[in-house]
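Q: Following this message is one structure expressed as structure tokens.
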Amino acid sequence: MTDESGSMDEGATPREGSLDAPTRHPLGWEEMDFFDEAKLDEELRRVFDICHGCRRCFNLCDSFPRLFDLIDDSESGELDSVDSADFKPVVDACTLCDMCYMTKCPYVPPHEFNLDFPHLMLRYRAVETKRDGVAWNEKQLIQTDRNGRIAGKMAGLANWGSDRGNKLTRPLIEKIAGVHREADLPKYVPASKTFVRQAENAPPAVNADAPAHGREAVLYATCFVNYNKPDTGVLAQRILARNGVASTALHPSCCGMPQLEQGQLDEVSAMARTVAAAFRPHVDAGKDIIALTPSCALMMKFEWPLILPDDDNVKALSAATRDITEYIVDIARKEGLVDGLSALPEPVALHMACHARAQNMGQKAAEMLRLIPDADLKVIERCSGHGGSWGIMKDNFETAIKVGRPVVRQAKESRYIVSECPLAADHILQGIEKQLDADETAPARSYHPVELFALAYGLAPELSS
């Protein structure tokens, strides 16, 4: 057994790998030792040495091949002959997907080795950010709320400029912002068409005869759904209303995942406090809180409580939050869904997003889609390679495409390319395009699982074609 710090209790017998459910310690970023560079280097060397001897994570992200090659190619073939300055490429390749922690590593707490590779990479970035700041271009890219508000005022122009077929603007964007000219970028909707605006102006009628009638929910709109893909939220509300759930939409702020990737923990904590305070009255009123993208659900459920472990609003919101597919499956299990689902006409390739898997809730998107009659479903549990803002950058895009090839090979024969992560879905679609023969065409678009569920319910006439 171990104590809270991960140290072995006296008299305990060490064992190879943990048989216990993984747990996670608070990040401790407000303690001075967290930013001590000498202590960080000591911990990096301790963890990297264990990882080098284990290698179970060799086929996850590019961090681990870089780490193993770095050590193997050193003078001694061990970590003692590796310069700490050479650790940065290993850290830079981590996308904070949590898959090593959740699915591979046998040494996560409560094991006495107490490994948390993603949070160690986060600590490195936090130290680096505190010392050097964040590059100007990266800082602008991750201002998702600001970017969404500005782009919404001139959506046509913004989408024209960001289109990867635009040979005039994309080379300029690559040079100025460091975004690869071939990377697919999200499109924006006009300010009048954001999800929050649509939810306020045209809420769907609630089915009072549904078995789940009486449930009330508040949908966390998320930056992406609100500004880029409001159809996901609109169709989620229609599904909930068909099944008796009254819902509203709220978007106080970004969840801070883009800032987390850069190690900006002070900004993430401020966003967490803002969102948690805005949702607290709804939580106290007994309403369910639903996140529409898995990265945001992961932040609300797990990351925020580890960053702000003593914040009552954060703890209350964490306990009340559900992923949208998780919530629909819960209705199906407890009260039962309203009849009316029809079979889809073509096969579905469902990519299980890393941040959905990291929530440790099971394959809820797959469970939901299997509720559709005669569902022809292929479930893919591999990283898409996108990694949030990481995968669009000039230095990372080709690696992101390479990492996603196993997913592309499994998905390319299906008509519907589906992922709970909209960025991953479009990245997979782009990977399919790169593998097609000259006489083949890729699917016209990707889908969120909720979109297909709404289609099966006959609630998405705009998708029927």
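For the structure tokens, the naming scheme is as follows: chains receive sequential letters (A, B, ...) according to their order of presentation, residues are indexed from 1 within each chain, and ligands are indexed from 1 in presentation order.
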Give me the residues near range 252-260 of chain A as a PDB file with C-alpha atoms, in the first residue's frame, where near means some atom within 10 Å (using only C-alpha atoms) and where sequence neighbours in that chain fewer than 3 positions away do not count.
A:
```pdb
ATOM      1  CA  LEU A  96      -2.525  15.328 -22.836  1.00  0.00           C
ATOM      2  CA  LEU A 122       1.696  19.456 -17.873  1.00  0.00           C
ATOM      3  CA  ARG A 125       4.813  23.132 -19.604  1.00  0.00           C
ATOM      4  CA  ALA A 126       3.589  25.114 -16.601  1.00  0.00           C
ATOM      5  CA  VAL A 134       3.549  31.454 -24.361  1.00  0.00           C
ATOM      6  CA  GLU A 138      -0.089  30.089 -29.936  1.00  0.00           C
ATOM      7  CA  LYS A 139      -1.664  32.442 -27.427  1.00  0.00           C
ATOM      8  CA  LEU A 141      -4.995  30.553 -31.485  1.00  0.00           C
ATOM      9  CA  ILE A 142      -6.287  29.330 -28.129  1.00  0.00           C
ATOM     10  CA  GLN A 143      -8.458  32.375 -27.386  1.00  0.00           C
ATOM     11  CA  THR A 144     -11.458  30.362 -28.545  1.00  0.00           C
ATOM     12  CA  ASP A 145     -14.224  32.545 -27.117  1.00  0.00           C
ATOM     13  CA  ARG A 146     -12.694  35.751 -28.418  1.00  0.00           C
ATOM     14  CA  TYR A 220     -22.754  23.513 -21.446  1.00  0.00           C
ATOM     15  CA  ALA A 221     -22.512  24.854 -24.975  1.00  0.00           C
ATOM     16  CA  THR A 222     -18.700  24.632 -25.217  1.00  0.00           C
ATOM     17  CA  CYS A 223     -16.721  26.905 -27.545  1.00  0.00           C
ATOM     18  CA  PHE A 224     -16.758  24.521 -30.471  1.00  0.00           C
ATOM     19  CA  GLY A 263       0.467  24.977 -19.069  1.00  0.00           C
ATOM     20  CA  GLN A 264      -1.424  28.200 -18.292  1.00  0.00           C
ATOM     21  CA  LEU A 265      -2.820  26.927 -15.017  1.00  0.00           C
ATOM     22  CA  ASP A 266      -3.729  30.342 -13.634  1.00  0.00           C
ATOM     23  CA  GLU A 267      -5.970  31.001 -16.657  1.00  0.00           C
ATOM     24  CA  VAL A 268      -7.508  27.529 -16.474  1.00  0.00           C
ATOM     25  CA  SER A 269      -8.334  27.968 -12.797  1.00  0.00           C
ATOM     26  CA  ALA A 270      -9.966  31.343 -13.491  1.00  0.00           C
ATOM     27  CA  MET A 271     -12.118  29.818 -16.236  1.00  0.00           C
ATOM     28  CA  ALA A 272     -13.060  26.904 -13.976  1.00  0.00           C
ATOM     29  CA  ARG A 273     -14.183  29.279 -11.230  1.00  0.00           C
ATOM     30  CA  THR A 274     -16.221  31.352 -13.692  1.00  0.00           C
ATOM     31  CA  VAL A 275     -18.034  28.388 -15.228  1.00  0.00           C
ATOM     32  CA  ALA A 276     -18.581  26.568 -11.937  1.00  0.00           C
ATOM     33  CA  ALA A 277     -20.052  29.676 -10.303  1.00  0.00           C
ATOM     34  CA  ALA A 278     -22.417  30.233 -13.244  1.00  0.00           C
ATOM     35  CA  PHE A 279     -23.683  26.647 -13.107  1.00  0.00           C
ATOM     36  CA  SER A 295     -12.694  17.417 -23.736  1.00  0.00           C
ATOM     37  CA  CYS A 296     -14.921  19.861 -21.881  1.00  0.00           C
ATOM     38  CA  ALA A 297     -16.622  17.056 -19.945  1.00  0.00           C
ATOM     39  CA  LEU A 298     -13.199  15.741 -18.944  1.00  0.00           C
ATOM     40  CA  MET A 299     -12.168  19.176 -17.694  1.00  0.00           C
ATOM     41  CA  MET A 300     -15.361  19.637 -15.675  1.00  0.00           C
ATOM     42  CA  GLU A 303      -9.216  18.116 -14.372  1.00  0.00           C
ATOM     43  CA  TRP A 304     -10.820  21.080 -12.600  1.00  0.00           C
ATOM     44  CA  GLY A 388      -6.410  19.658 -30.084  1.00  0.00           C
ATOM     45  CA  SER A 389      -4.420  22.650 -31.283  1.00  0.00           C
ATOM     46  CA  TRP A 390      -1.285  20.462 -31.360  1.00  0.00           C
TER      47      TRP A 390
END
```
Q: Let's see if you can do this: from backbone DSSP, list all strand (DSSP E or B) residues in range 375-404 of chain A, as a PDB file with N, CA and C atoms, in the first residue's frame.
A:
```
ATOM      1  N   LEU A 377     -22.127  -1.061 -36.940  1.00  0.00           N
ATOM      2  CA  LEU A 377     -21.216  -0.169 -36.223  1.00  0.00           C
ATOM      3  C   LEU A 377     -19.837  -0.794 -36.071  1.00  0.00           C
ATOM      4  N   LYS A 378     -18.825  -0.067 -36.482  1.00  0.00           N
ATOM      5  CA  LYS A 378     -17.438  -0.451 -36.242  1.00  0.00           C
ATOM      6  C   LYS A 378     -16.850   0.541 -35.242  1.00  0.00           C
ATOM      7  N   VAL A 379     -16.404   0.046 -34.088  1.00  0.00           N
ATOM      8  CA  VAL A 379     -15.855   0.896 -33.033  1.00  0.00           C
ATOM      9  C   VAL A 379     -14.332   0.868 -33.109  1.00  0.00           C
ATOM     10  N   ILE A 380     -13.733   2.052 -33.100  1.00  0.00           N
ATOM     11  CA  ILE A 380     -12.281   2.184 -33.250  1.00  0.00           C
ATOM     12  C   ILE A 380     -11.722   2.872 -32.015  1.00  0.00           C
ATOM     13  N   MET A 393      -0.518  22.446 -36.069  1.00  0.00           N
ATOM     14  CA  MET A 393       0.690  23.259 -36.190  1.00  0.00           C
ATOM     15  C   MET A 393       1.634  22.691 -37.244  1.00  0.00           C
TER      16      MET A 393
END
```
Q: Range 254-302 of chain A near range 441-453 of chain A within 12 Å: what's each residue's closest atom pair and its distance in Å to one decimal, counting only C-alpha atoms, ordered by chain then ascending residue number, as JSON lines?
A:
```
{"residue": "A:Leu292", "atom": "CA", "partner": "A:Val450", "partner_atom": "CA", "distance": 9.4}
{"residue": "A:Thr293", "atom": "CA", "partner": "A:His448", "partner_atom": "CA", "distance": 9.4}
{"residue": "A:Pro294", "atom": "CA", "partner": "A:His448", "partner_atom": "CA", "distance": 11.2}
```
Q: Give me every helix (DSSP H, G or I) residue in range 51-281 of chain A, going by DSSP on the backbone, as a ChimeraX atom specification.
A: /A:51-54,63-72,79-81,84-92,99-104,117-132,136-141,144-152,155-162,169-177,191-193,195-201,223-228,230-242,257-261,265-281
Q: Could you give me, as an MDAnalysis selection string, the residues within 9 Å of range 355-372 of chain A, counting only C-alpha atoms and dropping anything in the same chain fewer than 2 positions from it?
A: chainID A and resid 97:99 101:103 293:298 301:302 323:329 332 341:344 350 352:353 374:379 381 419:421 449:450 452:453 456:457
Q: Taking N, CA and C atoms for each residue, export the selection above as a CSV table (one decimal), in the first residue's frame.
A:
```
chain,number,residue,atom,x,y,z
A,97,CYS,N,-3.7,13.5,-23.9
A,97,CYS,CA,-4.9,12.7,-24.2
A,97,CYS,C,-5.2,11.7,-23.0
A,98,ASP,N,-4.3,11.5,-22.1
A,98,ASP,CA,-4.5,10.6,-20.9
A,98,ASP,C,-4.5,9.2,-21.2
A,99,MET,N,-4.3,8.7,-22.4
A,99,MET,CA,-4.4,7.3,-22.7
A,99,MET,C,-3.4,6.5,-22.1
A,101,TYR,N,-2.1,7.0,-19.2
A,101,TYR,CA,-2.5,6.9,-17.7
A,101,TYR,C,-3.7,6.0,-17.6
A,102,MET,N,-4.7,6.1,-18.5
A,102,MET,CA,-5.9,5.4,-18.3
A,102,MET,C,-5.9,4.0,-18.8
A,103,THR,N,-5.1,3.7,-19.9
A,103,THR,CA,-5.2,2.4,-20.5
A,103,THR,C,-4.0,1.5,-20.6
A,293,THR,N,-19.0,18.2,-25.7
A,293,THR,CA,-17.8,17.7,-26.2
A,293,THR,C,-17.0,17.0,-25.1
A,294,PRO,N,-16.3,15.9,-25.4
A,294,PRO,CA,-15.7,15.1,-24.4
A,294,PRO,C,-14.5,15.8,-23.7
A,295,SER,N,-13.8,16.7,-24.4
A,295,SER,CA,-12.7,17.4,-23.7
A,295,SER,C,-13.2,18.3,-22.6
A,296,CYS,N,-14.3,19.0,-22.9
A,296,CYS,CA,-14.9,19.9,-21.9
A,296,CYS,C,-15.5,19.1,-20.7
A,297,ALA,N,-16.1,17.9,-21.0
A,297,ALA,CA,-16.6,17.1,-19.9
A,297,ALA,C,-15.5,16.6,-19.1
A,298,LEU,N,-14.4,16.2,-19.7
A,298,LEU,CA,-13.2,15.7,-18.9
A,298,LEU,C,-12.7,16.8,-18.0
A,301,LYS,N,-15.3,17.3,-15.1
A,301,LYS,CA,-15.5,16.1,-14.2
A,301,LYS,C,-14.2,15.9,-13.4
A,302,PHE,N,-13.0,16.0,-14.1
A,302,PHE,CA,-11.8,15.4,-13.5
A,302,PHE,C,-10.7,16.5,-13.4
A,323,ASP,N,-21.5,13.6,-19.8
A,323,ASP,CA,-21.3,13.7,-21.3
A,323,ASP,C,-22.7,13.5,-22.0
A,324,ILE,N,-22.9,14.1,-23.1
A,324,ILE,CA,-24.2,14.0,-23.8
A,324,ILE,C,-24.6,12.5,-24.1
A,325,THR,N,-23.6,11.7,-24.6
A,325,THR,CA,-24.0,10.3,-24.9
A,325,THR,C,-24.2,9.5,-23.7
A,326,GLU,N,-23.4,9.8,-22.6
A,326,GLU,CA,-23.6,9.2,-21.3
A,326,GLU,C,-25.0,9.5,-20.8
A,327,TYR,N,-25.5,10.7,-21.0
A,327,TYR,CA,-26.8,11.1,-20.5
A,327,TYR,C,-27.9,10.4,-21.2
A,328,ILE,N,-27.8,10.3,-22.5
A,328,ILE,CA,-28.9,9.6,-23.3
A,328,ILE,C,-28.9,8.1,-23.0
A,329,VAL,N,-27.8,7.5,-22.8
A,329,VAL,CA,-27.8,6.1,-22.4
A,329,VAL,C,-28.4,5.9,-21.0
A,332,ALA,N,-32.1,5.8,-21.4
A,332,ALA,CA,-32.5,4.5,-22.0
A,332,ALA,C,-32.5,3.5,-20.9
A,341,LEU,N,-37.0,5.3,-33.4
A,341,LEU,CA,-35.7,5.2,-34.0
A,341,LEU,C,-35.7,4.3,-35.2
A,342,SER,N,-35.2,4.7,-36.3
A,342,SER,CA,-35.1,3.9,-37.6
A,342,SER,C,-33.7,3.6,-37.9
A,343,ALA,N,-33.5,2.5,-38.7
A,343,ALA,CA,-32.1,2.1,-39.1
A,343,ALA,C,-31.5,3.1,-40.0
A,344,LEU,N,-30.2,3.3,-39.9
A,344,LEU,CA,-29.4,4.1,-40.8
A,344,LEU,C,-29.1,3.4,-42.0
A,350,LEU,N,-17.2,4.5,-35.8
A,350,LEU,CA,-17.2,5.3,-34.6
A,350,LEU,C,-15.8,5.3,-34.0
A,352,MET,N,-13.7,6.3,-30.9
A,352,MET,CA,-13.8,6.6,-29.5
A,352,MET,C,-12.8,7.7,-29.2
A,353,ALA,N,-13.2,8.9,-29.0
A,353,ALA,CA,-12.3,10.0,-28.7
A,353,ALA,C,-11.5,9.7,-27.4
A,374,ASP,N,-30.7,-2.3,-36.0
A,374,ASP,CA,-29.8,-2.9,-37.1
A,374,ASP,C,-28.6,-2.0,-37.3
A,375,ALA,N,-28.1,-1.4,-36.3
A,375,ALA,CA,-26.9,-0.6,-36.4
A,375,ALA,C,-25.7,-1.4,-36.9
A,376,ASP,N,-25.1,-0.9,-38.0
A,376,ASP,CA,-23.9,-1.6,-38.6
A,376,ASP,C,-22.7,-0.7,-38.1
A,377,LEU,N,-22.1,-1.1,-36.9
A,377,LEU,CA,-21.2,-0.2,-36.2
A,377,LEU,C,-19.8,-0.8,-36.1
A,378,LYS,N,-18.8,-0.1,-36.5
A,378,LYS,CA,-17.4,-0.5,-36.2
A,378,LYS,C,-16.8,0.5,-35.2
A,379,VAL,N,-16.4,0.0,-34.1
A,379,VAL,CA,-15.9,0.9,-33.0
A,379,VAL,C,-14.3,0.9,-33.1
A,381,GLU,N,-10.9,2.2,-31.3
A,381,GLU,CA,-10.2,2.7,-30.1
A,381,GLU,C,-8.8,3.0,-30.3
A,419,SER,N,-17.2,10.7,-34.6
A,419,SER,CA,-16.4,10.8,-33.3
A,419,SER,C,-17.1,11.9,-32.4
A,420,GLU,N,-17.0,11.6,-31.1
A,420,GLU,CA,-17.5,12.7,-30.2
A,420,GLU,C,-16.7,13.9,-30.2
A,421,CYS,N,-15.4,13.8,-30.6
A,421,CYS,CA,-14.5,14.9,-30.8
A,421,CYS,C,-14.6,15.4,-32.2
A,449,PRO,N,-21.9,11.6,-32.9
A,449,PRO,CA,-22.9,10.5,-32.6
A,449,PRO,C,-24.3,11.1,-32.4
A,450,VAL,N,-24.5,12.2,-31.8
A,450,VAL,CA,-25.8,12.8,-31.6
A,450,VAL,C,-26.5,13.1,-32.9
A,452,LEU,N,-26.2,11.5,-35.7
A,452,LEU,CA,-26.8,10.3,-36.3
A,452,LEU,C,-28.0,9.8,-35.5
A,453,PHE,N,-27.9,10.0,-34.2
A,453,PHE,CA,-29.0,9.6,-33.4
A,453,PHE,C,-30.3,10.4,-33.7
A,456,ALA,N,-31.6,9.2,-37.0
A,456,ALA,CA,-32.4,7.9,-36.8
A,456,ALA,C,-33.8,8.2,-36.2
A,457,TYR,N,-33.9,9.3,-35.4
A,457,TYR,CA,-35.2,9.7,-34.8
A,457,TYR,C,-36.0,10.5,-35.8
```
Q: Taking 2 positions as the minimum chain separation for residues in the same chain, which residues sit within 10 Å of Ala411 in chain A when counting only C-alpha atoms? Answer as a list in words.
A: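 Using only C-alpha atoms, the neighbours found are Pro347, Val348, Ala349, Leu350, His351, Lys378, Val379, Ile380, Arg405, Pro406, Val407, Val408, Arg409, Glu413, Ser414, Arg415, Tyr416, Ile417, Val418, Ile428, Leu429, Gly431 and Ile432 of chain A.
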Q: Excluding Met121 in chain A and its own-chain neighbours fewer than 6 positions away, which residues fall within 9 Å of it when counting only C-alpha atoms? Please give them as a list in words.
A: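 So, after excluding close chain neighbours, the residues are Leu44, Val90, Val91, Asp92, Cys94, Leu96 and Gly263 of chain A.
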